[in-house]
Amino acid sequence: MTDLFTPPPPDPAETLPLADYAERAYLEYALSVVKGRALPDVCDGNKPVQRRILYSMFRMGLAYSGAGGAKPVKSARVVGDVLGRYHPHGDSAAYDALVRMAQGFSQRYPLIDGQGNFGSRDGDGAAAMRYTEARLAPIARLMLDEIDEGTVDFQPNYDGSTEEPRQLPARLPFVLLNGASGIAVGLATEVPSHNLREVAAATVALLKNDKLGDDELHALLPAPDFPGGGQIISAAADIREIYRSGRGSLKVRARWVIEDLARGQWQLVVGELPPGTSAQKVLEEIEELTNPKVKTGKKALLPEQVQLKATVLAVLDAVRDESNKDAAVRLVFEPKTRTVGQAELITTLLAHTSLESSVPLNLTMIGSDGRPVQKGLRRILAEWIEFRLLTVERRTRHRLQKVQDRIHVLEGRQLVLLNIDEVIRIIRNADEPKAALMARFGLSERQAEDILEIRLRQLARLEAIRIEQELAEQREQQGRLEEIVASPLSLRRAVVKEIEADAKAHGDARRTLVQEEKKAVAEVRVVDEPVTVVVSAKGWVRALKGHDIDRATLAFKPGDSLQVAYDCRSVDTLVVLGSNGRAYSVAAALLPGGRGDGVPITSLIDLEPGTQAAQTFAGAADTMLLLANSGGYGLLAQAGDLHGRNRGGKSFLTLEAGDRVLAPAVVAPRHRQLGCLAADGRLLVFGLDELKQQPGGGRGLTLMDVDAAAPLLAATPFAETLRVQGSGRGGKPREELLRGAALALHAGKRARKGRAVQGFRAAALAGD
């Protein structure tokens, strides 16, 4: 008996390995996100939700037309229509997209005219969609006017109940005008906004000459034009390279004026901010600088925080936001005193706040072939031109077909008016008047139907004159349209003429200044004086004034002792080498002084988990150092090469598993040789000219042939004499100076094994 509850065995043809199914499903999801949500289209510059909002509003009769335009409707009504017909997703996604298209501080040329609270540049959100109203902005006609003229393809909506356009017939490259921002699966886009007149000029130039040089194209479209203005300070060559590759970063800063007050007082007023920066954000940054909080895991303020606070408070007395309806941005900074240098205050603010920042550019979008690709500026314009030429050709054919149909109808009417009495007789007497008219006068079915539907008032004598006039006009228009269809040159001329007309109607002046400037760097005033940087065996560090410090009198915590002391200057830097090969740097001026024990080195830098501070050096940036490890490798680098701006340091030395960083050795101009000592007492001496300087760090060259059983103990540069220290019989300390013939016994080429030091066990080296 068959068990009805036992499922039949699976059909091998319908089974799929789980890994293959997961891969296919994830790829389908990724493509859906990339093409259906996150990336704009190069043709009309819209993401699908934006395109659906604009098309839905157009069908709702919310297009701008004439004085005043259409009456705005509740945003909730627009969102509901978009969700119900075209976009079956959450209402917040649709409303957020609508709000962004209405924000003049988000888009350079807003496509929606919003009524009500649509948010602010300070991060305030828009009011709920039941409170706000919206209609299409005048410039949206450039996106939608030709939608019903056969210009673009339509596709079924999500449930097949209606159709929606695949693209909108944009008359300008809106992907550049308003830009776009989005994150997809494995892809992201950051397209900045541009000036309409400049984009139009560049497009027209490429239409007229597709071999236009990069320099000419860059002169017509020099840089982005942000809604909030500001200044682009990147070099023209850097901007040109970004446009060529489609990826990069622009340096931008705010714009300001100096307002003179009574009695020699003055104030700094910022009126334009970089993109992504708000007045509220700047105020919060100023508050953090002047009233810093202790960071998580720390017991007190970091030296950098204390120094920054002192630096800012030395030049800034007060800041306030005076932005209002008359001034979208007005940030006022009052100097500490009227004697504070204007450049000093400006530089301090630019260096420590987002008044100067970077804007990423990533020109990734859906191309005309439907694929997401990172494109350069020339390719974007070229693909849009190809799309526009095809659009205008389709529009022209559509209009030509309508003109030809109208001419056909008018020719039938003209023939009828010449024989009106006979036509009336046929209509009154014939059982099938349409067929009779077609047979008698040789009319087409379309002409016969028009005659049967004609009104009596159109049979007047004046109507014949009107028909002749209209026929002449329609035939003239037919000639123009046929010329455009038949001649690619005429087609290009028509597109150029339309772009120039649209630029004249909707273009405006550039808002963002393009002027190269150096990045603002705040200079911390440090008195250049001699200091002694003291590092203890347990990793505590401090800086004492002067060089005449008696090391024997230095006090340390119980169980701690002196490891090394460096005579340097207060303007120098302490370099810390981690056990993982990373280099960390701390300005000597930031090290604690006084009579205390100092602070742990680990509180001044951010070591990676599982690593320790291995070696240190303090001195001038141009000091040449020999950096070596126990694996026998080493390189030359200046101390400044190890400096970094982040507490997390930077990767510098490449180490193998088990390698230990040796103490950095100063290479003086008089040094000509290098001594290398292995743990088994072997010594190798060779010329320093066999090494090379590596400013970027790395593994270095092989200094001495060693192994794990006898690693490299020391590597010391010297001029003529090498001091070898170790222990003799009974462990008694012993020291020997090697020079001349004694030194020649250990001379060789780099990467050799060397020879053992005779008479005692060598453990350390020191040069002259």
# chains A, B, ... in the order shown; residues from 1 in each chain; ligands from 1

call {"tool": "closest_atom_pairs", "arguments": {"of": "region 307-339 of chain A", "to": "region 266-280 of chain A", "cutoff": "10 Å", "atoms": "only C-alpha atoms", "output": "tab-separated table"}}
result
residue	atom	partner	partner_atom	distance
A:Ala318	CA	A:Gln267	CA	9.9
A:Val319	CA	A:Leu268	CA	9.4
A:Arg320	CA	A:Ala279	CA	9.3
A:Asp321	CA	A:Ala279	CA	7.0
A:Glu322	CA	A:Val269	CA	9.6
A:Ser323	CA	A:Ala279	CA	8.4
A:Ala327	CA	A:Gly271	CA	7.8
A:Ala328	CA	A:Gly271	CA	7.9
A:Val329	CA	A:Gly271	CA	5.1
A:Arg330	CA	A:Gly271	CA	5.0
A:Leu331	CA	A:Val270	CA	5.0
A:Val332	CA	A:Val269	CA	4.6
A:Phe333	CA	A:Leu268	CA	5.0
A:Glu334	CA	A:Gln267	CA	5.0
A:Pro335	CA	A:Gln267	CA	6.6
A:Thr337	CA	A:Trp266	CA	9.1
A:Arg338	CA	A:Trp266	CA	6.7
A:Thr339	CA	A:Trp266	CA	9.8

call {"tool": "select_by_dssp", "arguments": {"residues": "region 449-561 of chain A", "states": "strand (DSSP E or B)", "output": "list in words"}}
result
Leu513, Val514, Pro530, Val531, Thr532, Val533, Val534, Val535, Ser536, Trp540, Val541, Arg542, Ala543, Leu544 and Lys545 of chain A

call {"tool": "write_last_selection", "arguments": {"atoms": "C-alpha atoms", "output": "CSV table (one decimal), in the first residue's frame"}}
result
chain,number,residue,atom,x,y,z
A,513,LEU,CA,34.4,79.4,-7.1
A,514,VAL,CA,37.2,77.4,-8.8
A,530,PRO,CA,66.7,72.0,23.8
A,531,VAL,CA,64.9,69.1,25.5
A,532,THR,CA,65.7,65.6,26.7
A,533,VAL,CA,63.2,62.9,25.9
A,534,VAL,CA,63.3,60.2,28.6
A,535,VAL,CA,61.9,56.8,28.0
A,536,SER,CA,61.8,54.3,30.8
A,540,TRP,CA,56.9,55.7,30.3
A,541,VAL,CA,57.9,58.9,28.5
A,542,ARG,CA,58.5,62.6,29.4
A,543,ALA,CA,60.4,65.6,28.0
A,544,LEU,CA,62.7,67.6,30.3
A,545,LYS,CA,64.0,71.0,29.4

call {"tool": "select_by_dssp", "arguments": {"residues": "region 341-418 of chain A", "states": "alpha helix (DSSP H)", "output": "JSON, numbers by chain"}}
result
{"A": [342, 343, 344, 345, 346, 347, 348, 349, 350, 351, 352, 377, 378, 379, 380, 381, 382, 383, 384, 385, 386, 387, 388, 389, 390, 391, 392, 393, 394, 395, 396, 397, 398, 399, 400, 401, 402, 403, 404, 405, 406, 407, 408, 409, 410, 411, 412, 413, 414, 415, 416, 417, 418]}

call {"tool": "residues_around", "arguments": {"residues": "Tyr584 (chain A)", "least_positions_apart": "5", "cutoff": "6 Å", "atoms": "only C-alpha atoms", "output": "list in words"}}
result
Val575, Val576 and Gly649 of chain A

call {"tool": "write_last_selection", "arguments": {"atoms": "N, CA and C atoms", "output": "PDB file, in the first residue's frame"}}
result
ATOM      1  N   VAL A 575      59.558  59.002  17.676  1.00  0.00           N
ATOM      2  CA  VAL A 575      59.085  57.922  16.816  1.00  0.00           C
ATOM      3  C   VAL A 575      59.061  56.632  17.623  1.00  0.00           C
ATOM      4  N   VAL A 576      57.953  55.899  17.530  1.00  0.00           N
ATOM      5  CA  VAL A 576      57.805  54.615  18.205  1.00  0.00           C
ATOM      6  C   VAL A 576      57.602  53.543  17.143  1.00  0.00           C
ATOM      7  N   GLY A 649      49.282  55.396  13.529  1.00  0.00           N
ATOM      8  CA  GLY A 649      50.547  55.149  12.862  1.00  0.00           C
ATOM      9  C   GLY A 649      50.385  54.734  11.416  1.00  0.00           C
TER      10      GLY A 649
END

call {"tool": "closest_atom_pairs", "arguments": {"of": "region 321-421 of chain A", "to": "region 185-193 of chain A", "cutoff": "6 Å", "atoms": "only C-alpha atoms", "output": "tab-separated table"}}
result
residue	atom	partner	partner_atom	distance
A:Leu361	CA	A:Glu190	CA	5.1
A:Asn362	CA	A:Glu190	CA	4.7
A:Leu363	CA	A:Val191	CA	5.4
A:Thr364	CA	A:Thr189	CA	5.1

call {"tool": "write_last_selection", "arguments": {"atoms": "N, CA and C atoms", "output": "mmCIF file, in the first residue's frame"}}
result
data_model
loop_
_atom_site.group_PDB
_atom_site.id
_atom_site.type_symbol
_atom_site.label_atom_id
_atom_site.label_comp_id
_atom_site.auth_asym_id
_atom_site.auth_seq_id
_atom_site.Cartn_x
_atom_site.Cartn_y
_atom_site.Cartn_z
ATOM 1 N N LEU A 361 34.414 61.836 -5.501
ATOM 2 C CA LEU A 361 33.761 61.731 -6.797
ATOM 3 C C LEU A 361 33.889 60.298 -7.293
ATOM 4 N N ASN A 362 32.768 59.728 -7.691
ATOM 5 C CA ASN A 362 32.740 58.377 -8.235
ATOM 6 C C ASN A 362 31.657 58.350 -9.304
ATOM 7 N N LEU A 363 32.067 58.514 -10.552
ATOM 8 C CA LEU A 363 31.116 58.669 -11.654
ATOM 9 C C LEU A 363 30.668 57.298 -12.165
ATOM 10 N N THR A 364 30.053 56.515 -11.270
ATOM 11 C CA THR A 364 29.515 55.208 -11.627
ATOM 12 C C THR A 364 28.023 55.344 -11.894
#

call {"tool": "closest_residue", "arguments": {"among": "A:Arg397, A:His408, A:Arg457, A:Arg135", "to": "Leu54 (chain A)", "atoms": "only C-alpha atoms"}}
result
A:Arg135

call {"tool": "atom_distance", "arguments": {"atom1": "CA of Met143 (chain A)", "atom2": "CA of Gly119 (chain A)"}}
result
24.7 Å

call {"tool": "residues_around", "arguments": {"residues": "region 376-380 of chain A", "least_positions_apart": "3", "cutoff": "7 Å", "atoms": "only C-alpha atoms", "output": "list in words"}}
result
Val42, Tyr243, Arg244, Ser245, Gly246, Leu363, Glu383 and Trp384 of chain A

call {"tool": "closest_residue", "arguments": {"among": "A:Thr716, A:Ser357, A:Asn646, A:Ser630", "to": "Val667 (chain A)", "atoms": "only C-alpha atoms"}}
result
A:Thr716

call {"tool": "residues_around", "arguments": {"residues": "Phe686 (chain A)", "least_positions_apart": "6", "cutoff": "12 Å", "atoms": "only C-alpha atoms", "output": "PyMOL selection string"}}
result
chain A and resi 671-677+702-704+715-720+743-754

call {"tool": "residues_around", "arguments": {"residues": "Arg729 (chain A)", "least_positions_apart": "5", "cutoff": "12 Å", "atoms": "only C-alpha atoms", "output": "ChimeraX atom specification"}}
result
/A:734,759-761

call {"tool": "write_last_selection", "arguments": {"atoms": "C-alpha atoms", "output": "short mmCIF file (atom, residue, chain, number, x, y, z; two decimals), in the first residue's frame"}}
result
data_model
loop_
_atom_site.label_atom_id
_atom_site.label_comp_id
_atom_site.auth_asym_id
_atom_site.auth_seq_id
_atom_site.Cartn_x
_atom_site.Cartn_y
_atom_site.Cartn_z
CA ARG A 734 84.92 42.58 28.39
CA GLY A 759 88.56 35.51 22.92
CA PHE A 760 85.13 36.31 24.35
CA ARG A 761 81.43 36.09 23.64
#

call {"tool": "residues_around", "arguments": {"residues": "Pro48 (chain A)", "least_positions_apart": "2", "cutoff": "7 Å", "atoms": "only C-alpha atoms", "output": "list in words"}}
result
Gly36, Arg37, Asn46, Gln50, Arg51 and Arg52 of chain A
